[in-house]
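**Q** Have a look at this one.
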Amino acid sequence: MAISVQGTPSLSEAQRYWDLLYVLVQRNLKVRYRGSFLGVYWSLLNPLFMTGLYTAIFGATFATYYDNSVLNYLLAAFTGLVVINFFSTSTAQALTSVVGSGSLLNKVQLPISIFPISVIAANVFQFALGSLPLLLLVALFRSQNLTHLLLLPIPLLSLVLVSLGVGFLVSALYVFFRDLPYFYELVVFVLWISSPVFYPSAIVDVRLKPLLSLNPLSPIIESIRQIVLSGQSPDYHLIFGALMSSLIILGLGWVCFQWWRSQFMDLL
């Protein structure tokens, strides 16, 4: 797909940026799912399959932490997997987005930040068609409270902002350190194992909780679980604390990206 960067004088810079973002997201999705039978719905199969596997192995053991209900554990595991899968997939793809577009950037003057943003945006679109409707249905039937449906976008927004901030950071670092993907796999694994994805946070030793609280994904997972699975009022401090930490991570990632951007073209 050809990318047109020519805009008429009447178009604002923001409009041209938006048009370019639309084209890149569309191209990303078409390349990713060309010839695919299920398309974006493949992103839903992974957490569903892993949820079934975790439930078969750990369901009976951890059900006591979820009102002695294997179904509650199944839904809790699914929400955790949705979060960690979105984060790991979108940031791993964002990591190579700038370097992978090096040949294009050497030919056409484009805003470099558009590439990690387009990758995250493509994954948001994929998430909106795949996992989000299922989360909304579960939240509606489990909580039976429309307020919970209005609150659900807040931790999901936190997830997107965290992923975008990390995406900015790793895509910039990869320009300088081409071994970064191998190290980043380890980082993602540490974040996954330190997040209450397949285990309840209640089993974590109290001495380790301050350390695990540094994981920005943990409060997002817990917030989504409270909103989706509980009929009670969720912890607003937890929800908005996760949002504030995601804004901080986004700010740090953006500052680093802009700081190093002037050196990119010499290395692409």
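Just remember, in the structure tokens the first chain shown is A, the second B, etc., residues are 1-based per chain, and ligands are 1-based in the order shown.
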Excluding region 20-27 of chain A and its own-chain neighbours fewer than 2 positions away, which residues fall within 12 Å of it when counting only C-alpha atoms? Please give them as an MDAnalysis selection string.
**A** chainID A and resid 1:7 13:18 29:34 97 101 110:126
**Q** Among region 18-219 of chain A, which ones does DSSP assign to alpha helix (DSSP H) (computed from the backbone)? Answer as a PDB file with C-alpha atoms, in the first residue's frame.
**A**
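Okay, this is what ended up in part.pdb:
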```
ATOM      1  CA  TRP A  18      -4.143  11.453  11.547  1.00  0.00           C
ATOM      2  CA  ASP A  19      -4.416  10.474   7.882  1.00  0.00           C
ATOM      3  CA  LEU A  20      -0.942   8.956   7.986  1.00  0.00           C
ATOM      4  CA  LEU A  21      -1.785   7.090  11.182  1.00  0.00           C
ATOM      5  CA  TYR A  22      -4.913   5.670   9.544  1.00  0.00           C
ATOM      6  CA  VAL A  23      -2.934   4.441   6.534  1.00  0.00           C
ATOM      7  CA  LEU A  24      -0.228   2.839   8.673  1.00  0.00           C
ATOM      8  CA  VAL A  25      -2.733   1.101  10.955  1.00  0.00           C
ATOM      9  CA  GLN A  26      -4.622  -0.197   7.931  1.00  0.00           C
ATOM     10  CA  ARG A  27      -1.402  -1.427   6.335  1.00  0.00           C
ATOM     11  CA  ASN A  28      -0.290  -3.068   9.594  1.00  0.00           C
ATOM     12  CA  LEU A  29      -3.537  -5.015   9.910  1.00  0.00           C
ATOM     13  CA  LYS A  30      -3.613  -6.057   6.262  1.00  0.00           C
ATOM     14  CA  VAL A  31      -0.037  -7.324   6.347  1.00  0.00           C
ATOM     15  CA  ARG A  32      -0.587  -9.109   9.659  1.00  0.00           C
ATOM     16  CA  TRP A  42      -6.903 -14.917  16.318  1.00  0.00           C
ATOM     17  CA  SER A  43      -5.927 -12.530  19.116  1.00  0.00           C
ATOM     18  CA  LEU A  44      -8.848 -13.878  21.160  1.00  0.00           C
ATOM     19  CA  LEU A  45      -7.966 -17.544  20.690  1.00  0.00           C
ATOM     20  CA  ASN A  46      -4.659 -17.339  22.561  1.00  0.00           C
ATOM     21  CA  PRO A  47      -6.087 -16.068  25.881  1.00  0.00           C
ATOM     22  CA  LEU A  48      -9.056 -18.440  25.552  1.00  0.00           C
ATOM     23  CA  PHE A  49      -6.794 -21.440  25.006  1.00  0.00           C
ATOM     24  CA  MET A  50      -4.425 -20.451  27.827  1.00  0.00           C
ATOM     25  CA  THR A  51      -7.394 -19.776  30.116  1.00  0.00           C
ATOM     26  CA  GLY A  52      -8.639 -23.310  29.541  1.00  0.00           C
ATOM     27  CA  LEU A  53      -5.161 -24.709  30.208  1.00  0.00           C
ATOM     28  CA  TYR A  54      -4.674 -22.730  33.434  1.00  0.00           C
ATOM     29  CA  THR A  55      -8.159 -23.645  34.628  1.00  0.00           C
ATOM     30  CA  ALA A  56      -7.511 -27.342  34.025  1.00  0.00           C
ATOM     31  CA  ILE A  57      -4.234 -27.193  35.971  1.00  0.00           C
ATOM     32  CA  PHE A  58      -4.857 -24.604  38.700  1.00  0.00           C
ATOM     33  CA  GLY A  59      -8.644 -24.166  38.765  1.00  0.00           C
ATOM     34  CA  ALA A  60      -9.389 -26.569  41.607  1.00  0.00           C
ATOM     35  CA  THR A  61      -6.452 -25.272  43.668  1.00  0.00           C
ATOM     36  CA  PHE A  62      -7.089 -21.519  43.344  1.00  0.00           C
ATOM     37  CA  VAL A  70     -13.868 -22.582  39.181  1.00  0.00           C
ATOM     38  CA  LEU A  71     -15.867 -20.344  36.844  1.00  0.00           C
ATOM     39  CA  ASN A  72     -14.728 -17.268  38.780  1.00  0.00           C
ATOM     40  CA  TYR A  73     -11.122 -18.449  38.500  1.00  0.00           C
ATOM     41  CA  LEU A  74     -11.585 -19.038  34.772  1.00  0.00           C
ATOM     42  CA  LEU A  75     -12.847 -15.478  34.272  1.00  0.00           C
ATOM     43  CA  ALA A  76     -10.088 -14.046  36.471  1.00  0.00           C
ATOM     44  CA  ALA A  77      -7.419 -15.911  34.491  1.00  0.00           C
ATOM     45  CA  PHE A  78      -8.940 -14.706  31.234  1.00  0.00           C
ATOM     46  CA  THR A  79      -8.810 -11.034  32.283  1.00  0.00           C
ATOM     47  CA  GLY A  80      -5.186 -11.393  33.369  1.00  0.00           C
ATOM     48  CA  LEU A  81      -4.207 -13.068  30.102  1.00  0.00           C
ATOM     49  CA  VAL A  82      -5.986 -10.423  28.036  1.00  0.00           C
ATOM     50  CA  VAL A  83      -3.915  -7.709  29.726  1.00  0.00           C
ATOM     51  CA  ILE A  84      -0.529  -9.428  29.519  1.00  0.00           C
ATOM     52  CA  ASN A  85      -1.113 -10.566  25.916  1.00  0.00           C
ATOM     53  CA  PHE A  86      -2.029  -7.078  24.771  1.00  0.00           C
ATOM     54  CA  PHE A  87       1.000  -5.566  26.496  1.00  0.00           C
ATOM     55  CA  SER A  88       3.537  -8.140  25.350  1.00  0.00           C
ATOM     56  CA  THR A  89       2.314  -8.292  21.736  1.00  0.00           C
ATOM     57  CA  SER A  90       1.909  -4.563  21.177  1.00  0.00           C
ATOM     58  CA  THR A  91       5.202  -3.532  22.807  1.00  0.00           C
ATOM     59  CA  ALA A  92       7.177  -6.291  21.066  1.00  0.00           C
ATOM     60  CA  GLN A  93       5.826  -5.097  17.718  1.00  0.00           C
ATOM     61  CA  ALA A  94       6.469  -1.454  18.629  1.00  0.00           C
ATOM     62  CA  LEU A  95      10.076  -2.329  19.515  1.00  0.00           C
ATOM     63  CA  SER A  97       8.679  -0.338  14.361  1.00  0.00           C
ATOM     64  CA  VAL A  98      11.211   2.473  13.920  1.00  0.00           C
ATOM     65  CA  VAL A  99      14.134   0.337  12.729  1.00  0.00           C
ATOM     66  CA  GLY A 100      11.803  -1.673  10.487  1.00  0.00           C
ATOM     67  CA  GLY A 102      14.263   2.820   8.349  1.00  0.00           C
ATOM     68  CA  SER A 103      14.271   2.453   4.556  1.00  0.00           C
ATOM     69  CA  LEU A 104      11.058   4.467   4.318  1.00  0.00           C
ATOM     70  CA  LEU A 105      12.317   7.160   6.691  1.00  0.00           C
ATOM     71  CA  ILE A 114       3.922   7.735  14.091  1.00  0.00           C
ATOM     72  CA  PHE A 115       5.372   4.230  13.780  1.00  0.00           C
ATOM     73  CA  PRO A 116       5.196   2.999  17.405  1.00  0.00           C
ATOM     74  CA  ILE A 117       1.859   4.794  17.759  1.00  0.00           C
ATOM     75  CA  SER A 118       0.452   3.038  14.676  1.00  0.00           C
ATOM     76  CA  VAL A 119       1.491  -0.365  16.028  1.00  0.00           C
ATOM     77  CA  ILE A 120      -0.231   0.244  19.369  1.00  0.00           C
ATOM     78  CA  ALA A 121      -3.295   1.643  17.559  1.00  0.00           C
ATOM     79  CA  ALA A 122      -3.522  -1.482  15.378  1.00  0.00           C
ATOM     80  CA  ASN A 123      -3.489  -3.655  18.484  1.00  0.00           C
ATOM     81  CA  VAL A 124      -6.157  -1.460  20.104  1.00  0.00           C
ATOM     82  CA  PHE A 125      -8.364  -2.000  17.045  1.00  0.00           C
ATOM     83  CA  GLN A 126      -7.715  -5.728  17.222  1.00  0.00           C
ATOM     84  CA  PHE A 127      -8.527  -5.736  20.942  1.00  0.00           C
ATOM     85  CA  ALA A 128     -11.730  -3.753  20.404  1.00  0.00           C
ATOM     86  CA  LEU A 129     -13.047  -6.382  17.981  1.00  0.00           C
ATOM     87  CA  SER A 131     -11.527  -9.369  23.642  1.00  0.00           C
ATOM     88  CA  LEU A 132     -13.360  -6.162  24.534  1.00  0.00           C
ATOM     89  CA  PRO A 133     -16.899  -7.302  23.624  1.00  0.00           C
ATOM     90  CA  LEU A 134     -16.418 -10.421  25.742  1.00  0.00           C
ATOM     91  CA  LEU A 135     -15.176  -8.359  28.703  1.00  0.00           C
ATOM     92  CA  LEU A 136     -18.155  -6.024  28.383  1.00  0.00           C
ATOM     93  CA  LEU A 137     -20.612  -8.917  28.320  1.00  0.00           C
ATOM     94  CA  VAL A 138     -19.023 -10.548  31.367  1.00  0.00           C
ATOM     95  CA  ALA A 139     -19.002  -7.224  33.227  1.00  0.00           C
ATOM     96  CA  LEU A 140     -22.676  -6.664  32.431  1.00  0.00           C
ATOM     97  CA  PHE A 141     -23.881 -10.123  33.457  1.00  0.00           C
ATOM     98  CA  ARG A 142     -21.566 -10.594  36.451  1.00  0.00           C
ATOM     99  CA  SER A 143     -21.861  -7.155  38.027  1.00  0.00           C
ATOM    100  CA  LEU A 146     -24.078  -0.263  34.218  1.00  0.00           C
ATOM    101  CA  THR A 147     -21.650   1.871  36.244  1.00  0.00           C
ATOM    102  CA  HIS A 148     -19.096  -0.902  35.893  1.00  0.00           C
ATOM    103  CA  LEU A 149     -19.363  -0.699  32.112  1.00  0.00           C
ATOM    104  CA  LEU A 150     -18.566   3.019  32.329  1.00  0.00           C
ATOM    105  CA  LEU A 151     -15.573   2.346  34.592  1.00  0.00           C
ATOM    106  CA  PRO A 153     -12.517   1.919  29.858  1.00  0.00           C
ATOM    107  CA  ILE A 154     -10.372   3.561  32.576  1.00  0.00           C
ATOM    108  CA  PRO A 155      -8.082   0.566  33.342  1.00  0.00           C
ATOM    109  CA  LEU A 156      -8.140  -0.338  29.644  1.00  0.00           C
ATOM    110  CA  LEU A 157      -6.947   3.181  28.839  1.00  0.00           C
ATOM    111  CA  SER A 158      -4.218   2.699  31.459  1.00  0.00           C
ATOM    112  CA  LEU A 159      -3.148  -0.479  29.655  1.00  0.00           C
ATOM    113  CA  VAL A 160      -2.924   1.349  26.321  1.00  0.00           C
ATOM    114  CA  LEU A 161      -0.965   4.248  27.834  1.00  0.00           C
ATOM    115  CA  VAL A 162       1.506   1.908  29.562  1.00  0.00           C
ATOM    116  CA  SER A 163       1.996  -0.017  26.320  1.00  0.00           C
ATOM    117  CA  LEU A 164       2.477   3.207  24.372  1.00  0.00           C
ATOM    118  CA  GLY A 165       5.004   4.570  26.859  1.00  0.00           C
ATOM    119  CA  VAL A 166       6.998   1.339  26.850  1.00  0.00           C
ATOM    120  CA  GLY A 167       6.630   1.175  23.062  1.00  0.00           C
ATOM    121  CA  PHE A 168       8.220   4.606  22.710  1.00  0.00           C
ATOM    122  CA  LEU A 169      11.066   3.610  25.016  1.00  0.00           C
ATOM    123  CA  VAL A 170      11.937   0.233  23.489  1.00  0.00           C
ATOM    124  CA  SER A 171      11.554   1.420  19.883  1.00  0.00           C
ATOM    125  CA  ALA A 172      14.042   4.195  20.609  1.00  0.00           C
ATOM    126  CA  LEU A 173      16.465   1.910  22.447  1.00  0.00           C
ATOM    127  CA  TYR A 174      16.376  -0.641  19.633  1.00  0.00           C
ATOM    128  CA  VAL A 175      17.858   1.939  17.268  1.00  0.00           C
ATOM    129  CA  PHE A 176      21.018   1.898  19.416  1.00  0.00           C
ATOM    130  CA  LEU A 180      17.357  -5.538  22.782  1.00  0.00           C
ATOM    131  CA  PRO A 181      14.652  -8.047  21.652  1.00  0.00           C
ATOM    132  CA  TYR A 182      16.434 -10.879  23.469  1.00  0.00           C
ATOM    133  CA  PHE A 183      16.653  -8.866  26.677  1.00  0.00           C
ATOM    134  CA  TYR A 184      13.102  -7.594  26.304  1.00  0.00           C
ATOM    135  CA  GLU A 185      11.760 -11.154  26.168  1.00  0.00           C
ATOM    136  CA  LEU A 186      13.200 -11.605  29.663  1.00  0.00           C
ATOM    137  CA  VAL A 187      11.637  -8.326  30.832  1.00  0.00           C
ATOM    138  CA  VAL A 188       8.208  -9.391  29.550  1.00  0.00           C
ATOM    139  CA  PHE A 189       8.565 -12.764  31.262  1.00  0.00           C
ATOM    140  CA  VAL A 190       9.395 -11.066  34.578  1.00  0.00           C
ATOM    141  CA  LEU A 191       6.356  -8.784  34.194  1.00  0.00           C
ATOM    142  CA  TRP A 192       4.180 -11.773  33.359  1.00  0.00           C
ATOM    143  CA  ILE A 193       5.305 -13.931  36.282  1.00  0.00           C
ATOM    144  CA  LYS A 209       4.252  -7.355  47.674  1.00  0.00           C
ATOM    145  CA  PRO A 210       6.111  -3.984  47.837  1.00  0.00           C
ATOM    146  CA  LEU A 211       8.455  -5.246  45.113  1.00  0.00           C
ATOM    147  CA  LEU A 212       5.656  -6.625  42.947  1.00  0.00           C
ATOM    148  CA  LEU A 217       0.341  -4.217  34.997  1.00  0.00           C
ATOM    149  CA  SER A 218      -0.719  -5.600  38.386  1.00  0.00           C
ATOM    150  CA  PRO A 219      -3.095  -2.754  39.383  1.00  0.00           C
TER     151      PRO A 219
END
```
**Q** Just how far from CA of Val197 (chain A) is CA of Thr64 (chain A), in Å to one decimal?
**A**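 Result for CA of Thr64 (chain A) versus CA of Val197 (chain A): 16.1 Å, one decimal.
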**Q** Quick one: distance from CA of Ala242 (chain A) to CA of Ile224 (chain A) in Å, one decimal?
**A**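 Between CA of Ala242 (chain A) and CA of Ile224 (chain A) the gap works out to 10.8 Å.
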**Q** Provide the CA of Ser246 (chain A) to CA of Tyr65 (chain A) distance in Å, to one decimal place.
**A**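 According to the coordinates, CA of Ser246 (chain A) and CA of Tyr65 (chain A) are separated by 27.9 Å.
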